[in-house]
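Here the structure is laid out as structure tokens; the discussion comes afterwards.
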2 protein chains.
Amino acid sequence: MVDRLLRNITERVELSRYEQELCKTYFTHKRIRKKHYLLQQGEVCKHMAFVQKGLLRSYIVNEKGGEHIIQFALEGWWISDLYSFLTGEVSNYNIDALENSDLLLLSRTAEEEMLSRIPKLERYLRLLMQNSYIAMQKRMERTLRLSAEKKYVTFADTYPELIKRVPQHMIASYLGITPETLSRIRKQLSLKEGGVDLDQ
Amino acid sequence: MVDRLLRNITERVELSRYEQELCKTYFTHKRIRKKHYLLQQGEVCKHMAFVQKGLLRSYIVNEKGGEHIIQFALEGWWISDLYSFLTGEVSNYNIDALENSDLLLLSRTAEEEMLSRIPKLERYLRLLMQNSYIAMQKRMERTLRLSAEKKYVTFADTYPELIKRVPQHMIASYLGITPETLSRIRKQLSLKEGGVDLDQ
């Protein structure tokens, strides 16, 4: 059940058999059905969630009621509102499942106890935070820096699996462009690809 | 010289006298004059920089040549392009000094050696990454979610010191609004404050 999580951890830090068994005990399993919520705006984010199977997204709603997708999370990724999780303040985030999903949840108390019993996991969590930071930095950078077309191409190159599994209008929301613009870009790109084929 | 850094670390993890002395040896001191660059686009980011004194900013240039400020860094803050630092790829960032500044630099090799000698610092770096992630998450969230006025008010509440020390047009660039919009917002806010005074 927790094999994917342990693989994810032991790729980064070495754990003895005993530590692996101990580590498992801090997580609880949760099954969540498509369209159901793990977190809703106004609640406190009580868990970091590791995706064993499935697909989730987090999004915020702006002052005019528009949705902005912050993050997707596939198998092997973590998802939460880290700010709310760490501070205990209520969240501006919504997290829901785009597919039926299996999660492993880690509460704040469990996290602290786990770190005090297995201090090596500080390193795992540091690397996890580091990677999350970089992903967010790159996301911010692309939002500010790239044209709509380059945003889409970079997204498609970086996350081919998401292109297959996430509905178009959600990818548009993530990229901060309208579904119409995304559809125009995809059409132009497929024409270009056609062009390349003809040239060969 | 490294007092502020050691304070910053020992507020988060306990270090013995020996570990504190050892820790110092991994940092090099750099003085940088106002308007000079610590990192320019196209270079690899070789260091994480801790600001002992002064003020720096990081920014990127978009496809049309426009500047977007990513981060400011005051005394006690870290600044770098973490992506470039960790991967060794060239950076899209520029980092320059807005005031004459004193920095403590940590290279990748020094970081690794320091962590292997003082594993407790994994925890410090995890907390640092965690806080950086949250700051970036909040920045992203405000960018997507708030009106120009609320963006400014939140920035002013969160970073009063930056309001005093950073030129207006750079605050506008950080918030993703034009200097004219920012100036209009500041005028409206000062009128509102005046109104409150008259009502009392």
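Following the order of the structure tokens, first chain is A, next is B, and so on, with residues numbered from 1 inside each chain and ligands from 1 in the order they appear.
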With a distance threshold of 10 Å and counting only C-alpha atoms, extract the residues of chain A near chain B and express them as JSON, numbers by chain.
{"A": [59, 60, 61, 62, 63, 64, 65, 66, 67, 68, 69, 70, 81, 82, 83, 84, 86, 92, 93, 115, 119, 120, 121, 122, 123, 124, 125, 126, 127, 128, 129, 130, 131, 132, 133, 134, 135, 136, 137, 138, 139, 140, 141, 142, 143, 144, 145, 146, 147, 176]}
Would you save the residues from that selection as a short mmCIF file (atom, residue, chain, number, x, y, z; two decimals), in the first residue's frame, using N, CA and C atoms?
```
data_model
loop_
_atom_site.label_atom_id
_atom_site.label_comp_id
_atom_site.auth_asym_id
_atom_site.auth_seq_id
_atom_site.Cartn_x
_atom_site.Cartn_y
_atom_site.Cartn_z
N TYR A 59 -6.91 24.88 -6.06
CA TYR A 59 -7.25 26.14 -6.75
C TYR A 59 -7.73 27.18 -5.77
N ILE A 60 -7.62 28.43 -6.18
CA ILE A 60 -8.16 29.52 -5.38
C ILE A 60 -9.18 30.27 -6.23
N VAL A 61 -10.07 30.98 -5.53
CA VAL A 61 -11.11 31.74 -6.21
C VAL A 61 -10.79 33.22 -5.99
N ASN A 62 -10.75 34.01 -7.07
CA ASN A 62 -10.38 35.43 -6.90
C ASN A 62 -11.57 36.27 -6.50
N GLU A 63 -11.33 37.57 -6.31
CA GLU A 63 -12.37 38.46 -5.78
C GLU A 63 -13.60 38.53 -6.67
N LYS A 64 -13.40 38.23 -7.96
CA LYS A 64 -14.55 38.28 -8.87
C LYS A 64 -15.18 36.91 -9.09
N GLY A 65 -14.73 35.91 -8.33
CA GLY A 65 -15.33 34.58 -8.43
C GLY A 65 -14.65 33.67 -9.45
N GLY A 66 -13.55 34.15 -10.08
CA GLY A 66 -12.83 33.32 -11.06
C GLY A 66 -11.93 32.31 -10.36
N GLU A 67 -11.80 31.13 -10.97
CA GLU A 67 -10.93 30.08 -10.40
C GLU A 67 -9.53 30.14 -10.99
N HIS A 68 -8.52 29.98 -10.15
CA HIS A 68 -7.14 29.86 -10.63
C HIS A 68 -6.55 28.59 -10.08
N ILE A 69 -6.12 27.70 -10.95
CA ILE A 69 -5.52 26.46 -10.48
C ILE A 69 -4.07 26.71 -10.09
N ILE A 70 -3.72 26.30 -8.88
CA ILE A 70 -2.37 26.51 -8.36
C ILE A 70 -1.48 25.32 -8.72
N ASP A 81 -2.18 22.77 1.35
CA ASP A 81 -1.89 24.19 1.47
C ASP A 81 -0.90 24.31 2.61
N LEU A 82 0.37 24.36 2.25
CA LEU A 82 1.45 24.31 3.24
C LEU A 82 1.34 25.45 4.24
N TYR A 83 0.91 26.62 3.77
CA TYR A 83 0.80 27.78 4.66
C TYR A 83 -0.19 27.47 5.78
N SER A 84 -1.37 27.02 5.40
CA SER A 84 -2.39 26.72 6.39
C SER A 84 -1.97 25.54 7.28
N LEU A 86 1.03 24.63 8.17
CA LEU A 86 2.09 24.96 9.11
C LEU A 86 1.67 26.01 10.14
N ASN A 92 -7.13 29.55 1.96
CA ASN A 92 -7.82 30.13 0.80
C ASN A 92 -7.96 29.10 -0.32
N TYR A 93 -7.46 27.90 -0.06
CA TYR A 93 -7.38 26.89 -1.10
C TYR A 93 -8.59 25.95 -1.11
N LEU A 115 9.53 13.04 12.70
CA LEU A 115 10.84 13.68 12.57
C LEU A 115 11.68 13.51 13.83
N PRO A 119 15.13 11.30 12.58
CA PRO A 119 15.63 12.62 12.18
C PRO A 119 16.16 12.66 10.73
N LYS A 120 16.54 11.49 10.20
CA LYS A 120 17.01 11.45 8.80
C LYS A 120 15.96 12.01 7.84
N LEU A 121 14.69 11.93 8.25
CA LEU A 121 13.63 12.39 7.35
C LEU A 121 13.60 13.91 7.22
N GLU A 122 14.34 14.60 8.10
CA GLU A 122 14.52 16.05 7.90
C GLU A 122 15.09 16.30 6.49
N ARG A 123 16.03 15.44 6.12
CA ARG A 123 16.66 15.59 4.81
C ARG A 123 15.64 15.36 3.68
N TYR A 124 14.84 14.31 3.85
CA TYR A 124 13.81 14.03 2.83
C TYR A 124 12.88 15.24 2.69
N LEU A 125 12.44 15.76 3.84
CA LEU A 125 11.51 16.89 3.79
C LEU A 125 12.18 18.15 3.26
N ARG A 126 13.47 18.31 3.55
CA ARG A 126 14.19 19.46 2.99
C ARG A 126 14.20 19.37 1.46
N LEU A 127 14.52 18.18 0.95
CA LEU A 127 14.59 18.01 -0.51
C LEU A 127 13.20 18.19 -1.13
N LEU A 128 12.19 17.70 -0.42
CA LEU A 128 10.81 17.86 -0.90
C LEU A 128 10.43 19.34 -0.97
N MET A 129 10.74 20.08 0.09
CA MET A 129 10.44 21.52 0.13
C MET A 129 11.21 22.25 -0.96
N GLN A 130 12.47 21.85 -1.11
CA GLN A 130 13.35 22.46 -2.11
C GLN A 130 12.77 22.29 -3.51
N ASN A 131 12.33 21.07 -3.81
CA ASN A 131 11.75 20.80 -5.12
C ASN A 131 10.43 21.53 -5.31
N SER A 132 9.64 21.58 -4.24
CA SER A 132 8.36 22.30 -4.33
C SER A 132 8.63 23.78 -4.58
N TYR A 133 9.64 24.30 -3.88
CA TYR A 133 9.99 25.72 -4.05
C TYR A 133 10.39 26.01 -5.49
N ILE A 134 11.24 25.14 -6.02
CA ILE A 134 11.71 25.32 -7.39
C ILE A 134 10.55 25.24 -8.38
N ALA A 135 9.65 24.29 -8.16
CA ALA A 135 8.50 24.16 -9.05
C ALA A 135 7.66 25.44 -9.01
N MET A 136 7.45 25.97 -7.79
CA MET A 136 6.66 27.19 -7.65
C MET A 136 7.40 28.38 -8.28
N GLN A 137 8.72 28.42 -8.08
CA GLN A 137 9.54 29.50 -8.66
C GLN A 137 9.43 29.48 -10.19
N LYS A 138 9.55 28.29 -10.76
CA LYS A 138 9.47 28.14 -12.22
C LYS A 138 8.08 28.53 -12.70
N ARG A 139 7.07 28.14 -11.92
CA ARG A 139 5.69 28.47 -12.30
C ARG A 139 5.51 29.99 -12.32
N MET A 140 5.99 30.66 -11.28
CA MET A 140 5.92 32.12 -11.15
C MET A 140 6.65 32.77 -12.33
N GLU A 141 7.83 32.24 -12.61
CA GLU A 141 8.69 32.79 -13.66
C GLU A 141 8.00 32.68 -15.02
N ARG A 142 7.42 31.50 -15.29
CA ARG A 142 6.73 31.31 -16.56
C ARG A 142 5.51 32.23 -16.66
N THR A 143 4.77 32.36 -15.53
CA THR A 143 3.60 33.23 -15.52
C THR A 143 3.99 34.65 -15.91
N LEU A 144 5.11 35.12 -15.38
CA LEU A 144 5.52 36.51 -15.61
C LEU A 144 6.21 36.68 -16.96
N ARG A 145 6.89 35.66 -17.44
CA ARG A 145 7.89 35.87 -18.45
C ARG A 145 7.48 35.44 -19.86
N LEU A 146 6.65 34.40 -19.94
CA LEU A 146 6.42 33.79 -21.25
C LEU A 146 5.11 34.23 -21.90
N SER A 147 5.09 34.14 -23.21
CA SER A 147 3.85 34.33 -23.98
C SER A 147 2.94 33.12 -23.74
N GLY A 176 -3.31 30.48 -16.78
CA GLY A 176 -3.77 31.87 -16.72
C GLY A 176 -4.17 32.42 -18.07
#
```
Quick one: residues within 8 Å of Leu175 of chain A, only C-alpha atoms, excluding same-chain residues fewer than 4 positions away - as an mmCIF file with all heavy atoms, in the first residue's frame?
```cif
data_model
loop_
_atom_site.group_PDB
_atom_site.id
_atom_site.type_symbol
_atom_site.label_atom_id
_atom_site.label_comp_id
_atom_site.auth_asym_id
_atom_site.auth_seq_id
_atom_site.Cartn_x
_atom_site.Cartn_y
_atom_site.Cartn_z
ATOM 1 N N THR A 143 4.772 32.360 -15.525
ATOM 2 C CA THR A 143 3.598 33.230 -15.517
ATOM 3 C C THR A 143 3.993 34.646 -15.913
ATOM 4 O O THR A 143 3.311 35.315 -16.692
ATOM 5 C CB THR A 143 2.972 33.254 -14.094
ATOM 6 O OG1 THR A 143 2.632 31.921 -13.742
ATOM 7 C CG2 THR A 143 1.719 34.121 -14.042
ATOM 8 N N ALA A 148 1.658 33.266 -24.062
ATOM 9 C CA ALA A 148 0.686 32.183 -23.853
ATOM 10 C C ALA A 148 1.159 30.897 -24.557
ATOM 11 O O ALA A 148 1.118 29.806 -23.974
ATOM 12 C CB ALA A 148 -0.687 32.611 -24.361
ATOM 13 N N LYS A 151 4.046 29.316 -22.731
ATOM 14 C CA LYS A 151 3.565 28.748 -21.475
ATOM 15 C C LYS A 151 3.006 27.348 -21.717
ATOM 16 O O LYS A 151 3.306 26.411 -20.998
ATOM 17 C CB LYS A 151 2.422 29.611 -20.901
ATOM 18 C CG LYS A 151 2.888 30.699 -19.981
ATOM 19 C CD LYS A 151 1.671 31.459 -19.441
ATOM 20 C CE LYS A 151 2.126 32.852 -19.029
ATOM 21 N NZ LYS A 151 1.065 33.820 -18.906
ATOM 22 N N TYR A 152 2.196 27.227 -22.767
ATOM 23 C CA TYR A 152 1.574 25.939 -23.050
ATOM 24 C C TYR A 152 2.619 24.901 -23.465
ATOM 25 O O TYR A 152 2.608 23.763 -22.982
ATOM 26 C CB TYR A 152 0.498 26.062 -24.133
ATOM 27 C CG TYR A 152 -0.071 24.718 -24.481
ATOM 28 C CD1 TYR A 152 -0.918 24.051 -23.597
ATOM 29 C CD2 TYR A 152 0.282 24.074 -25.668
ATOM 30 C CE1 TYR A 152 -1.405 22.792 -23.881
ATOM 31 C CE2 TYR A 152 -0.203 22.806 -25.964
ATOM 32 C CZ TYR A 152 -1.041 22.162 -25.071
ATOM 33 O OH TYR A 152 -1.522 20.917 -25.345
ATOM 34 N N ILE A 171 -6.313 23.178 -17.751
ATOM 35 C CA ILE A 171 -4.947 23.544 -18.140
ATOM 36 C C ILE A 171 -4.901 25.044 -18.447
ATOM 37 O O ILE A 171 -3.986 25.755 -18.034
ATOM 38 C CB ILE A 171 -4.468 22.694 -19.341
ATOM 39 C CG1 ILE A 171 -4.355 21.233 -18.890
ATOM 40 C CG2 ILE A 171 -3.143 23.208 -19.883
ATOM 41 C CD1 ILE A 171 -3.945 20.266 -19.973
#
```
Segment 22-39 of chain B environment, 10 Å, only C-alpha atoms, sequence neighbours closer than 5 positions dropped, as a PyMOL selection string:
chain B and resi 1-3+5-6+9+15-17+44-58+79-81+91-107+109-115+117-118+121
By how many Å are atom CA of Arg4 of chain A and atom CA of Phe72 of chain A apart?
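These atoms are spaced 18.0 Å apart.
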